[in-house]
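Here's the structure, in structure tokens; my notes come after.
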Amino acid sequence: MNKLLLLLAGTVLLLTAAGCEKAQKAQETYSNLSKLADASKNMETDMKQATDRRAERAKQGDTLSLPYKQLQTHLPATVEGYVAAEPSGQSMSVSGMSFSTAERKFTKGPEDEVSVKIVDYNGANQLYQGASMMFSLNMESEDEESLTRTTTLKLDGVKGSETLHKKTGQAELTLAVGDRFLVTVSGTNQKDLALVESVAQSLDLGKLAKL
């Protein structure tokens with residue numbers, strides 16, 4: 001009798017544990033679905049705001065990207081501890097779409113480099129929309145190889161993502177600014193994301209976001 005009671009008790013415990021596990025998995029699934037739904041809503045909201053801002057710029061006749069020389073004035077002049085190269089850039093027009101780029105590199109020794117690039121997609125909104133859409137999903141992941149997370153640098157009109165490749169030391173930060181610009185800061189031989197974040201914060205992103 002005692003053995004039977006023990007067997008029954010063990011069975012009840014196993015069934016209870018299985019039920020709890022299923023309930024937990026169901027709850028996790030529901031939570032993940034809720035997050036996806038929220039991300040979808042965020043994406044729709046961001047797309048509408050971007051469309052409204054483009055319409056407002058078009059109404060004012062602002063439909064072209066800045067000339068690359070003007071875009072270069074928004075690049076940093078210095079990065080502490082690094083030597084600045086001359087800025088580069090170009091303005092392009094392809095199949096009715098136009099955009100401009102400006103870039104500056106900073107070096108420290110033969111292997112350490114920081115690069116800052118700004119792209120103005122005002123004349124190629126379709127390209128910008130595809131490039132910036134993923135930032136609305138608030139994706140975050142980490143494993144032994146890399147860390148990726150979303151960031152806004154606590155600035156209005158700014159959203160983006162940053163990645164640290166742990167084994168190579170490559171750090172990258174990409175920001176969508178003002179529904180018009182993409183700003184990318186990258187650095188080699190980095191242990192964390194502090195440098196690329198500080199370089200991005202040294203830019204007048206608030207001014208860019210209002211253009």
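The way I read the labels, and the way they are meant: chains A, B, ... in the order of the structure tokens, residue 1 as the first residue of every chain, and ligand 1 as the first ligand shown, with later ones counted on from there.
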At most 9 Å is the cut-off: for each residue in segment 142-204 of chain A with any atom that close to an atom of segment 71-87 of chain A, write down the nearest atom pair and the distance in Å rounded to one decimal, counting only C-alpha atoms, chain first then increasing number, as a Markdown table.
| residue | atom | partner | partner_atom | distance |
| --- | --- | --- | --- | --- |
| A:Val199 | CA | A:Val79 | CA | 7.0 |
| A:Ala200 | CA | A:Pro76 | CA | 8.9 |
| A:Ser202 | CA | A:Pro76 | CA | 7.2 |
| A:Leu203 | CA | A:Pro76 | CA | 6.3 |
| A:Asp204 | CA | A:His74 | CA | 7.2 |
Set out as a tab-separated table a contact list for segment 123-187 of chain A and segment 97-112 of chain A with a cut-off of 10 Å, giving each residue of segment 123-187 of chain A that qualifies its closest atom pair and distance in Å to one decimal, counting only C-alpha atoms, ordered by chain and rising residue number.
residue	atom	partner	partner_atom	distance
A:Gly123	CA	A:Ser98	CA	4.6
A:Ala124	CA	A:Met97	CA	4.9
A:Asn125	CA	A:Met97	CA	8.3
A:Gln126	CA	A:Met97	CA	8.8
A:Leu127	CA	A:Met97	CA	9.0
A:Tyr128	CA	A:Phe99	CA	9.8
A:Phe181	CA	A:Thr101	CA	9.7
A:Leu182	CA	A:Thr101	CA	9.5
A:Val183	CA	A:Glu103	CA	9.7
A:Thr184	CA	A:Glu103	CA	9.3
A:Val185	CA	A:Glu103	CA	9.8
A:Ser186	CA	A:Lys105	CA	9.6
A:Gly187	CA	A:Asp112	CA	7.4
* **Selection near segment 145-154 of chain A, 6 Å with only C-alpha atoms, sequence-local residues under 5 positions removed, as a list in words** =>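 In the requested format, the answer is Asn138, Glu140, Lys159, Gly160, Ser161, Glu162, Thr163, Leu164, His165 and Lys166 of chain A.
Distances from A:Thr188, A:Ser198, A:Ser136, A:Gln70 to Ser115 of chain A were compared using only C-alpha atoms, and the smallest one belongs to A:Thr188.
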